[in-house]
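The data block below is final_7.tsv; it holds TSV, C-alpha atoms.
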chain	number	residue	atom	x	y	z
A	1	MET	CA	-33.77	14.42	-59.11
A	2	THR	CA	-35.27	11.04	-60.06
A	3	THR	CA	-38.14	9.31	-58.29
A	4	MET	CA	-39.92	5.99	-58.93
A	5	ALA	CA	-43.16	4.73	-57.42
A	6	ASN	CA	-42.46	3.15	-54.01
A	7	HIS	CA	-38.76	3.88	-54.50
A	8	LEU	CA	-36.54	6.42	-52.84
A	9	THR	CA	-35.58	9.66	-54.55
A	10	ALA	CA	-32.12	9.85	-56.10
A	11	LEU	CA	-30.30	13.19	-55.94
A	12	PRO	CA	-27.07	14.22	-57.69
A	13	SER	CA	-23.92	14.91	-55.69
A	14	THR	CA	-24.35	18.59	-56.56
A	15	THR	CA	-27.45	18.74	-54.36
A	16	THR	CA	-27.61	20.73	-51.13
A	17	VAL	CA	-27.86	19.52	-47.54
A	18	ASP	CA	-31.29	21.17	-47.26
A	19	GLU	CA	-32.58	19.24	-50.27
A	20	ILE	CA	-31.33	15.98	-48.76
A	21	VAL	CA	-32.93	16.77	-45.41
A	22	ASP	CA	-36.26	17.68	-47.03
A	23	VAL	CA	-36.41	14.36	-48.89
A	24	ILE	CA	-35.41	12.36	-45.81
A	25	HIS	CA	-38.08	14.08	-43.72
A	26	ARG	CA	-40.62	13.18	-46.42
A	27	ASP	CA	-39.54	9.64	-47.36
A	28	GLY	CA	-37.28	8.42	-44.53
A	29	GLY	CA	-34.31	8.08	-46.86
A	30	VAL	CA	-32.61	9.28	-50.02
A	31	ILE	CA	-30.00	8.10	-52.55
A	32	VAL	CA	-27.07	10.42	-53.33
A	33	GLU	CA	-25.43	9.60	-56.64
A	34	ASP	CA	-21.62	9.81	-56.99
A	35	PHE	CA	-21.17	10.22	-53.24
A	36	LEU	CA	-17.60	8.97	-53.73
A	37	ASP	CA	-15.55	9.88	-56.80
A	38	THR	CA	-13.67	7.24	-58.80
A	39	PRO	CA	-10.27	7.57	-56.98
A	40	GLN	CA	-12.01	7.34	-53.59
A	41	LEU	CA	-13.99	4.29	-54.70
A	42	ASP	CA	-10.83	2.59	-56.00
A	43	GLU	CA	-9.05	3.32	-52.71
A	44	LEU	CA	-11.98	1.97	-50.71
A	45	ARG	CA	-12.11	-1.25	-52.72
A	46	ALA	CA	-8.35	-1.78	-52.37
A	47	GLN	CA	-8.48	-1.37	-48.58
A	48	LEU	CA	-11.73	-3.25	-48.04
A	49	GLY	CA	-10.85	-6.31	-50.12
A	50	PRO	CA	-8.34	-7.88	-47.69
A	51	VAL	CA	-10.56	-7.06	-44.70
A	52	LEU	CA	-13.55	-8.93	-46.14
A	53	GLU	CA	-11.43	-11.80	-47.44
A	54	SER	CA	-10.23	-12.45	-43.89
A	55	THR	CA	-13.77	-12.30	-42.46
A	56	GLY	CA	-15.94	-15.40	-42.07
A	57	TYR	CA	-19.62	-15.79	-42.84
A	58	GLY	CA	-22.26	-15.20	-40.19
A	59	GLU	CA	-23.86	-17.97	-38.16
A	60	ASP	CA	-27.48	-16.78	-38.13
A	61	GLU	CA	-29.91	-15.56	-40.76
A	62	PHE	CA	-31.02	-12.23	-39.27
A	63	PHE	CA	-28.11	-10.55	-37.51
A	64	ALA	CA	-25.30	-11.72	-39.75
A	65	GLY	CA	-26.51	-13.92	-42.61
A	66	THR	CA	-24.99	-17.32	-43.31
A	67	GLN	CA	-23.89	-16.19	-46.78
A	68	THR	CA	-22.86	-12.70	-45.68
A	69	ARG	CA	-19.55	-11.30	-44.48
A	70	ARG	CA	-19.65	-8.43	-41.96
A	71	ALA	CA	-16.53	-6.63	-40.77
A	72	GLY	CA	-16.54	-3.85	-38.15
A	73	GLY	CA	-14.11	-1.51	-36.40
A	74	LEU	CA	-13.62	0.26	-39.71
A	75	PHE	CA	-12.01	3.45	-38.39
A	76	GLY	CA	-9.13	1.24	-37.34
A	77	ARG	CA	-8.97	-0.59	-40.67
A	78	ILE	CA	-10.05	1.72	-43.53
A	79	ASP	CA	-8.22	5.02	-44.08
A	80	LEU	CA	-11.12	6.54	-46.03
A	81	MET	CA	-13.57	6.39	-43.11
A	82	PRO	CA	-12.99	9.99	-41.90
A	83	GLN	CA	-13.75	11.28	-45.41
A	84	ILE	CA	-17.01	9.34	-45.47
A	85	ALA	CA	-18.01	10.53	-42.00
A	86	LEU	CA	-17.16	14.17	-42.71
A	87	HIS	CA	-18.61	14.24	-46.22
A	88	PRO	CA	-20.49	17.58	-46.28
A	89	LEU	CA	-23.76	16.05	-47.47
A	90	TYR	CA	-23.90	13.22	-44.93
A	91	TYR	CA	-22.35	15.07	-41.98
A	92	GLY	CA	-24.41	18.15	-42.75
A	93	ALA	CA	-27.65	16.17	-42.95
A	94	ALA	CA	-26.85	14.37	-39.69
A	95	LYS	CA	-26.36	17.67	-37.88
A	96	LYS	CA	-29.64	19.11	-39.16
A	97	ILE	CA	-31.71	15.99	-38.49
A	98	LEU	CA	-30.21	14.89	-35.17
A	99	GLN	CA	-28.95	18.06	-33.49
A	100	VAL	CA	-32.36	19.56	-32.73
A	101	PRO	CA	-32.11	21.95	-29.75
A	102	LEU	CA	-34.08	21.07	-26.63
A	103	SER	CA	-35.29	23.54	-23.98
A	104	VAL	CA	-34.95	22.42	-20.36
A	105	TRP	CA	-35.43	24.04	-16.97
A	106	VAL	CA	-32.50	24.38	-14.57
A	107	GLY	CA	-33.87	26.02	-11.45
A	108	ASP	CA	-35.48	29.30	-12.48
A	109	ASP	CA	-33.72	29.36	-15.84
A	110	GLN	CA	-34.92	27.81	-19.07
A	111	ILE	CA	-31.89	26.94	-21.18
A	112	GLU	CA	-31.44	25.42	-24.62
A	113	ILE	CA	-29.14	22.45	-25.17
A	114	THR	CA	-28.09	21.20	-28.58
A	115	PRO	CA	-27.19	17.49	-28.40
A	116	ASP	CA	-23.90	16.16	-29.73
A	117	ILE	CA	-23.73	13.36	-32.26
A	118	GLN	CA	-21.37	10.40	-32.36
A	119	ILE	CA	-20.44	7.48	-34.59
A	120	GLY	CA	-22.45	4.53	-33.36
A	121	VAL	CA	-21.62	1.67	-35.72
A	122	THR	CA	-19.40	0.87	-38.72
A	123	GLN	CA	-19.64	-2.22	-40.87
A	124	ALA	CA	-18.63	-3.54	-44.27
A	125	ILE	CA	-21.29	-5.93	-45.59
A	126	GLU	CA	-20.73	-8.37	-48.44
A	127	ILE	CA	-23.87	-10.32	-49.38
A	128	HIS	CA	-23.02	-13.42	-51.41
A	129	PRO	CA	-25.19	-15.30	-53.90
A	130	GLY	CA	-27.75	-17.49	-52.19
A	131	GLN	CA	-28.23	-15.18	-49.20
A	132	GLY	CA	-31.94	-14.68	-48.53
A	133	ALA	CA	-33.55	-11.36	-47.67
A	134	GLN	CA	-33.09	-10.05	-44.15
A	135	ARG	CA	-36.21	-9.45	-42.08
A	136	LEU	CA	-37.31	-5.83	-42.27
A	137	HIS	CA	-36.46	-3.82	-39.17
A	138	ARG	CA	-35.68	-0.40	-37.74
A	139	ASP	CA	-32.09	0.25	-36.67
A	140	ASP	CA	-33.15	2.47	-33.78
A	141	THR	CA	-34.56	-0.67	-32.16
A	142	SER	CA	-31.08	-0.91	-30.61
A	143	PHE	CA	-32.09	2.07	-28.46
A	144	LEU	CA	-35.60	0.71	-27.79
A	145	TRP	CA	-36.80	3.90	-29.51
A	146	ARG	CA	-40.54	4.59	-29.47
A	147	HIS	CA	-42.50	6.02	-32.41
A	148	PRO	CA	-43.88	8.64	-32.42
A	149	ASP	CA	-43.44	9.09	-28.65
A	150	TYR	CA	-39.98	10.67	-28.77
A	151	GLY	CA	-40.77	13.00	-31.65
A	152	ARG	CA	-37.16	13.06	-32.89
A	153	GLU	CA	-34.67	10.81	-34.65
A	154	GLY	CA	-31.89	9.00	-32.81
A	155	ARG	CA	-29.88	7.85	-35.85
A	156	LEU	CA	-28.96	8.78	-39.43
A	157	GLN	CA	-27.28	5.93	-41.28
A	158	ILE	CA	-25.46	5.65	-44.58
A	159	MET	CA	-24.77	2.73	-46.92
A	160	VAL	CA	-22.08	3.44	-49.51
A	161	ALA	CA	-22.28	1.18	-52.54
A	162	VAL	CA	-18.86	-0.42	-53.06
A	163	SER	CA	-20.36	-2.51	-55.87
A	164	ASP	CA	-23.51	-1.79	-57.88
A	165	PHE	CA	-26.73	-2.35	-55.94
A	166	THR	CA	-29.51	-4.02	-57.92
A	167	ALA	CA	-32.83	-5.71	-57.28
A	168	GLU	CA	-31.18	-9.05	-58.07
A	169	ASN	CA	-28.02	-8.85	-55.94
A	170	GLY	CA	-29.55	-7.81	-52.62
A	171	GLY	CA	-29.79	-4.03	-52.91
A	172	THR	CA	-31.02	-2.82	-49.50
A	173	LEU	CA	-34.81	-3.10	-49.18
A	174	VAL	CA	-36.46	0.08	-47.91
A	175	ILE	CA	-40.07	1.04	-47.15
A	176	PRO	CA	-40.38	4.74	-48.05
A	177	GLY	CA	-42.49	6.64	-45.56
A	178	SER	CA	-42.23	3.99	-42.85
A	179	HIS	CA	-40.38	6.45	-40.57
A	180	ARG	CA	-43.78	8.01	-39.90
A	181	TRP	CA	-45.40	4.76	-38.71
A	182	ASP	CA	-46.21	4.13	-35.07
A	183	ASP	CA	-45.02	1.00	-33.30
A	184	GLN	CA	-48.28	-0.87	-33.83
A	185	ARG	CA	-47.80	-1.16	-37.58
A	186	GLY	CA	-45.46	-3.90	-38.75
A	187	PRO	CA	-43.58	-4.00	-42.08
A	188	LYS	CA	-44.62	-6.18	-45.01
A	189	GLN	CA	-42.14	-7.47	-47.56
A	190	ALA	CA	-44.46	-6.37	-50.38
A	191	GLU	CA	-44.15	-2.75	-49.20
A	192	ALA	CA	-40.34	-2.71	-49.55
A	193	ALA	CA	-38.45	-1.64	-52.64
A	194	PRO	CA	-34.82	-2.54	-53.45
A	195	THR	CA	-32.18	0.18	-53.47
A	196	VAL	CA	-30.83	0.42	-57.01
A	197	MET	CA	-27.69	2.52	-57.31
A	198	ARG	CA	-24.31	2.51	-58.98
A	199	ALA	CA	-21.07	1.90	-57.09
A	200	GLY	CA	-19.97	5.13	-55.42
A	201	ALA	CA	-23.53	6.21	-54.66
A	202	ALA	CA	-24.92	6.20	-51.12
A	203	LEU	CA	-28.21	5.47	-49.42
A	204	ILE	CA	-28.89	7.72	-46.39
A	205	TRP	CA	-31.80	6.85	-44.10
A	206	THR	CA	-33.12	7.38	-40.60
A	207	GLY	CA	-33.08	4.85	-37.79
A	208	SER	CA	-36.89	4.84	-37.84
A	209	THR	CA	-37.17	3.65	-41.47
A	210	TYR	CA	-37.90	-0.04	-42.05
A	211	HIS	CA	-35.26	-1.70	-44.21
A	212	GLY	CA	-33.20	-4.88	-44.60
A	213	GLY	CA	-30.62	-6.58	-46.78
A	214	GLY	CA	-32.11	-8.01	-49.95
A	215	ASN	CA	-32.05	-11.48	-51.44
A	216	ASN	CA	-29.00	-12.06	-53.65
A	217	SER	CA	-30.16	-14.18	-56.57
A	218	SER	CA	-27.31	-12.99	-58.82
A	219	GLU	CA	-23.97	-14.66	-59.46
A	220	ALA	CA	-21.75	-12.09	-57.68
A	221	PRO	CA	-21.47	-10.54	-54.20
A	222	ARG	CA	-23.04	-7.20	-53.32
A	223	THR	CA	-20.72	-5.06	-51.20
A	224	GLY	CA	-21.57	-2.00	-49.15
A	225	LEU	CA	-20.06	0.03	-46.32
A	226	THR	CA	-22.31	1.40	-43.62
A	227	MET	CA	-21.92	3.68	-40.63
A	228	ALA	CA	-24.28	5.68	-38.45
A	229	PHE	CA	-24.38	8.99	-36.67
A	230	ASP	CA	-26.37	8.73	-33.42
A	231	LEU	CA	-27.32	11.12	-30.68
A	232	ALA	CA	-24.35	11.17	-28.31
A	233	CYS	CA	-26.60	10.59	-25.29
A	234	LEU	CA	-27.25	7.05	-26.59
A	235	ARG	CA	-24.89	4.14	-26.12
A	236	GLN	CA	-22.85	3.27	-29.20
A	237	GLU	CA	-24.04	0.07	-30.87
A	238	GLU	CA	-20.45	-0.82	-31.75
A	239	ASN	CA	-17.98	-0.08	-28.95
A	240	GLN	CA	-15.67	2.40	-30.66
A	241	TYR	CA	-13.37	2.68	-27.62
A	242	LEU	CA	-12.32	-0.97	-27.96
A	243	SER	CA	-12.59	-1.28	-31.76
A	244	ILE	CA	-9.86	1.13	-32.85
A	245	PRO	CA	-6.15	0.50	-32.20
A	246	ARG	CA	-4.22	3.19	-30.34
A	247	GLU	CA	-2.00	4.21	-33.26
A	248	LYS	CA	-5.00	4.59	-35.56
A	249	LEU	CA	-7.06	6.59	-33.08
A	250	LEU	CA	-4.25	9.02	-32.24
A	251	ASP	CA	-3.64	9.61	-35.95
A	252	LEU	CA	-7.22	10.84	-36.48
A	253	SER	CA	-8.22	14.50	-36.28
A	254	GLU	CA	-9.66	15.79	-33.01
A	255	GLU	CA	-13.02	16.27	-34.73
A	256	VAL	CA	-13.19	12.59	-35.70
A	257	GLN	CA	-11.90	11.47	-32.29
A	258	ARG	CA	-14.74	13.39	-30.67
A	259	LEU	CA	-17.26	11.87	-33.08
A	260	LEU	CA	-15.97	8.46	-32.00
A	261	GLY	CA	-16.93	9.31	-28.42
A	262	TRP	CA	-13.79	10.94	-27.02
A	263	GLY	CA	-15.45	14.10	-25.77
A	264	SER	CA	-18.25	15.54	-23.66
A	265	GLY	CA	-21.07	17.82	-24.78
A	266	ALA	CA	-23.03	20.64	-23.20
A	267	ASN	CA	-25.00	18.07	-21.20
A	268	LEU	CA	-21.72	16.56	-19.84
A	269	MET	CA	-22.32	13.08	-21.24
A	270	GLY	CA	-19.09	11.09	-21.01
A	271	TYR	CA	-17.20	13.36	-18.65
A	272	VAL	CA	-14.27	12.17	-16.53
A	273	GLU	CA	-13.67	13.29	-12.92
A	274	ARG	CA	-10.20	14.56	-12.14
A	275	GLY	CA	-9.44	16.38	-8.86
A	276	GLY	CA	-13.11	16.99	-8.23
A	277	GLN	CA	-13.62	18.54	-11.66
A	278	MET	CA	-15.79	17.12	-14.47
A	279	ILE	CA	-13.47	17.34	-17.47
A	280	ASP	CA	-13.84	16.63	-21.16
A	281	ALA	CA	-12.87	13.04	-21.97
A	282	HIS	CA	-10.67	14.23	-24.84
A	283	VAL	CA	-8.14	15.45	-22.26
A	284	LEU	CA	-7.31	11.80	-21.59
A	285	LEU	CA	-6.20	11.36	-25.19
A	286	GLU	CA	-4.22	14.60	-25.13
A	287	ASN	CA	-2.37	13.49	-22.00
A	288	GLY	CA	-1.98	9.84	-22.99
A	289	ALA	CA	-3.77	8.89	-19.77
A	290	VAL	CA	-5.83	6.01	-21.13
A	291	GLU	CA	-5.12	2.43	-22.17
A	292	LEU	CA	-6.14	1.64	-25.74
A	293	PRO	CA	-6.16	-1.63	-27.74
A	294	THR	CA	-3.22	-2.43	-30.00
A	295	ALA	CA	-3.40	-3.28	-33.71
A	296	ARG	CA	-5.77	-6.07	-34.76
With the file now loaded, output its structure as C-alpha cells.
Amino acid sequence: MTTMANHLTALPSTTTVDEIVDVIHRDGGVIVEDFLDTPQLDELRAQLGPVLESTGYGEDEFFAGTQTRRAGGLFGRIDLMPQIALHPLYYGAAKKILQVPLSVWVGDDQIEITPDIQIGVTQAIEIHPGQGAQRLHRDDTSFLWRHPDYGREGRLQIMVAVSDFTAENGGTLVIPGSHRWDDQRGPKQAEAAPTVMRAGAALIWTGSTYHGGGNNSSEAPRTGLTMAFDLACLRQEENQYLSIPREKLLDLSEEVQRLLGWGSGANLMGYVERGGQMIDAHVLLENGAVELPTAR
C-alpha cells in the first residue's frame, strides 16, 4: 500500500475487497494497480482505438470538453466490458458499498430488502493536449443526491487507465475525503490532487467524491475508460436499453444483462405486467418479446 499527502491510496491487485472498501470509506476513492493485465490492456487498446478515432470532440467545456473525445454505449462496442464490470475487486466493492440492506414495514411485518445494482453509465474519455481542467463535481449530482441526508452511496465508479495518468496529462483530479462533506461546502481546485497511475491501473471512487478531468499540458492524449455501478432504484444516466445493439446484448451473460437493467429486484423495480402478473423484465429477453436497436 502506498499513500501520499492529499493523494489517494494505491493498493496492489492482490488486495482484498474488504481492504478496498475500507480505504474508499475513509478517503472516498482508491487506486488499484494492475487492475488489467497486459493482454487485457492490449485488447482494450485495440478495440477502443477505432471507436475514439471515429468520435468527434465535445462542444462545451464542462460536460464534454472541446479538446476531449467521449464515446459511450461501450457494452455494445467493447468486448472487454463484461470483464471490467465483473472484476472481483470492483464488482465486489460495489456490492459491499451499495447493496446495504434496508428495513421497511409492510403492514405488521418489518422486512429487510437488499437493493439491486445496475450499470448506469459507460464512457471512453480521451483528453487531448490543450484541454483545460474540468470543474470539480460529484457524479451523484445526476440523482440530485443529498449529503449527508441519505446516509448511503448511490454510485461506485471506476476509471481504468488505458494510457498512463500523470499530473501533466490530465490525470483525474480528486479531493480525498470530500465524500464526507455536506452540500454547503464547495470544492476548491487547490484541494484536488491528480490521479497518477500506470496504464492498466484503475481509480475507484464514490459518487459523492468531488473530482474532475485534469488539465492536459503534455504533448499526448490521456485515455481512460469509465463505468459506474448505481443503485438499481435510480434511473440510469446513460440509457443502456437504447445504447446496446440487439446482437451484442443477447450475446452477453444473463448476469451482465441484468446489470444493464434487464431484470427486477426484490422491490419490483422495472417489472413488466403480463396477464395481470408483475414479471421479471428478463423474461422479455428470453422470449424475444422486445424491440432492440440494431448495430451502430
Inset, instruction - Counting all atoms listed in the file, figure out which residue out of A:Val100, A:Met227, A:Ile175, A:Val106 gets nearest to Met159 (chain A). - result: A:Met227
Inset, instruction - Between A:Leu52, A:Cys233, A:Ile31, A:Val283, single out the one closest to Phe165 (chain A), counting all atoms listed in the file. - result: A:Ile31
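Look at everything within 9 Å of (-27.9, -5.1, -49.0) using all atoms listed in the file, and the residues you get are Ile125, Glu126, Ile127, Ala133, Gln134, Met159, Phe165, Asn169, Gly170, Gly171, Thr172, Leu173, Pro194, Thr195, Gly212, Gly213, Gly214, Asn215, Asn216, Arg222, Thr223 and Gly224 of chain A.
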Selection as an mmCIF file with C-alpha atoms, in the coordinates of the input: residues within 8 Å of (-33.3, -0.5, -43.0), counting all atoms listed in the file:
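Result written to point_23.cif:
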data_model
loop_
_atom_site.group_PDB
_atom_site.id
_atom_site.type_symbol
_atom_site.label_atom_id
_atom_site.label_comp_id
_atom_site.auth_asym_id
_atom_site.auth_seq_id
_atom_site.Cartn_x
_atom_site.Cartn_y
_atom_site.Cartn_z
ATOM 1 C CA LEU A 136 -37.310 -5.830 -42.270
ATOM 2 C CA HIS A 137 -36.460 -3.820 -39.170
ATOM 3 C CA ARG A 138 -35.680 -0.400 -37.740
ATOM 4 C CA ASP A 139 -32.090 0.250 -36.670
ATOM 5 C CA THR A 172 -31.020 -2.820 -49.500
ATOM 6 C CA LEU A 173 -34.810 -3.100 -49.180
ATOM 7 C CA VAL A 174 -36.460 0.080 -47.910
ATOM 8 C CA TRP A 205 -31.800 6.850 -44.100
ATOM 9 C CA GLY A 207 -33.080 4.850 -37.790
ATOM 10 C CA THR A 209 -37.170 3.650 -41.470
ATOM 11 C CA TYR A 210 -37.900 -0.040 -42.050
ATOM 12 C CA HIS A 211 -35.260 -1.700 -44.210
ATOM 13 C CA GLY A 212 -33.200 -4.880 -44.600
ATOM 14 C CA GLY A 213 -30.620 -6.580 -46.780
#
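Coordinates place CA of Pro221 (chain A) at a distance of 22.8 Å from CA of Asp79 (chain A).
Near Ala71 (chain A), within 10 Å and counting all atoms listed in the file, sit Leu48, Val51, Leu52, Glu53, Ser54, Thr55, Gly56, Tyr57, Arg69, Gly73, Leu74, Arg77, Thr122, Gln123, Ala124, Ile125, Glu126 and Leu225 of chain A, not including residues fewer than 2 positions from it in the same chain.
Comparing A:Gly28, A:Gly186, A:Gly120, A:Gly265 by their smallest distance to Phe75 (chain A), the closest is A:Gly120 (using all atoms listed in the file).
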Long-range neighbours of Leu41 (chain A) as a PDB file with C-alpha atoms, in the frame of the given file, 9 Å cut-off, only C-alpha atoms, 3 positions minimum in chain:
ATOM      1  CA  LEU A  36     -17.600   8.970 -53.730  1.00  0.00           C
ATOM      2  CA  ASP A  37     -15.550   9.880 -56.800  1.00  0.00           C
ATOM      3  CA  THR A  38     -13.670   7.240 -58.800  1.00  0.00           C
ATOM      4  CA  LEU A  44     -11.980   1.970 -50.710  1.00  0.00           C
ATOM      5  CA  ARG A  45     -12.110  -1.250 -52.720  1.00  0.00           C
ATOM      6  CA  ALA A  46      -8.350  -1.780 -52.370  1.00  0.00           C
ATOM      7  CA  VAL A 162     -18.860  -0.420 -53.060  1.00  0.00           C
ATOM      8  CA  ALA A 199     -21.070   1.900 -57.090  1.00  0.00           C
ATOM      9  CA  GLY A 200     -19.970   5.130 -55.420  1.00  0.00           C
TER      10      GLY A 200
END
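CA of Gly72 (chain A) lies 8.1 Å from CA of Glu238 (chain A).
We find CA of Thr15 (chain A) and CA of Ile78 (chain A) to be spaced 26.6 Å apart.
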Inset, instruction - Might you pull out every residue within 10 Å of Ile97 (chain A), with all atoms listed in the file counted and same-chain residues fewer than 5 positions away left off, and present them as JSON, numbers by chain? - result: {"A": [21, 22, 24, 25, 92, 152, 153, 154, 155, 156, 206]}
Could you dump the residues just selected with C-alpha atoms as a PDB file, in the coordinates of the input?
ATOM      1  CA  VAL A  21     -32.930  16.770 -45.410  1.00  0.00           C
ATOM      2  CA  ASP A  22     -36.260  17.680 -47.030  1.00  0.00           C
ATOM      3  CA  ILE A  24     -35.410  12.360 -45.810  1.00  0.00           C
ATOM      4  CA  HIS A  25     -38.080  14.080 -43.720  1.00  0.00           C
ATOM      5  CA  GLY A  92     -24.410  18.150 -42.750  1.00  0.00           C
ATOM      6  CA  ARG A 152     -37.160  13.060 -32.890  1.00  0.00           C
ATOM      7  CA  GLU A 153     -34.670  10.810 -34.650  1.00  0.00           C
ATOM      8  CA  GLY A 154     -31.890   9.000 -32.810  1.00  0.00           C
ATOM      9  CA  ARG A 155     -29.880   7.850 -35.850  1.00  0.00           C
ATOM     10  CA  LEU A 156     -28.960   8.780 -39.430  1.00  0.00           C
ATOM     11  CA  THR A 206     -33.120   7.380 -40.600  1.00  0.00           C
TER      12      THR A 206
END
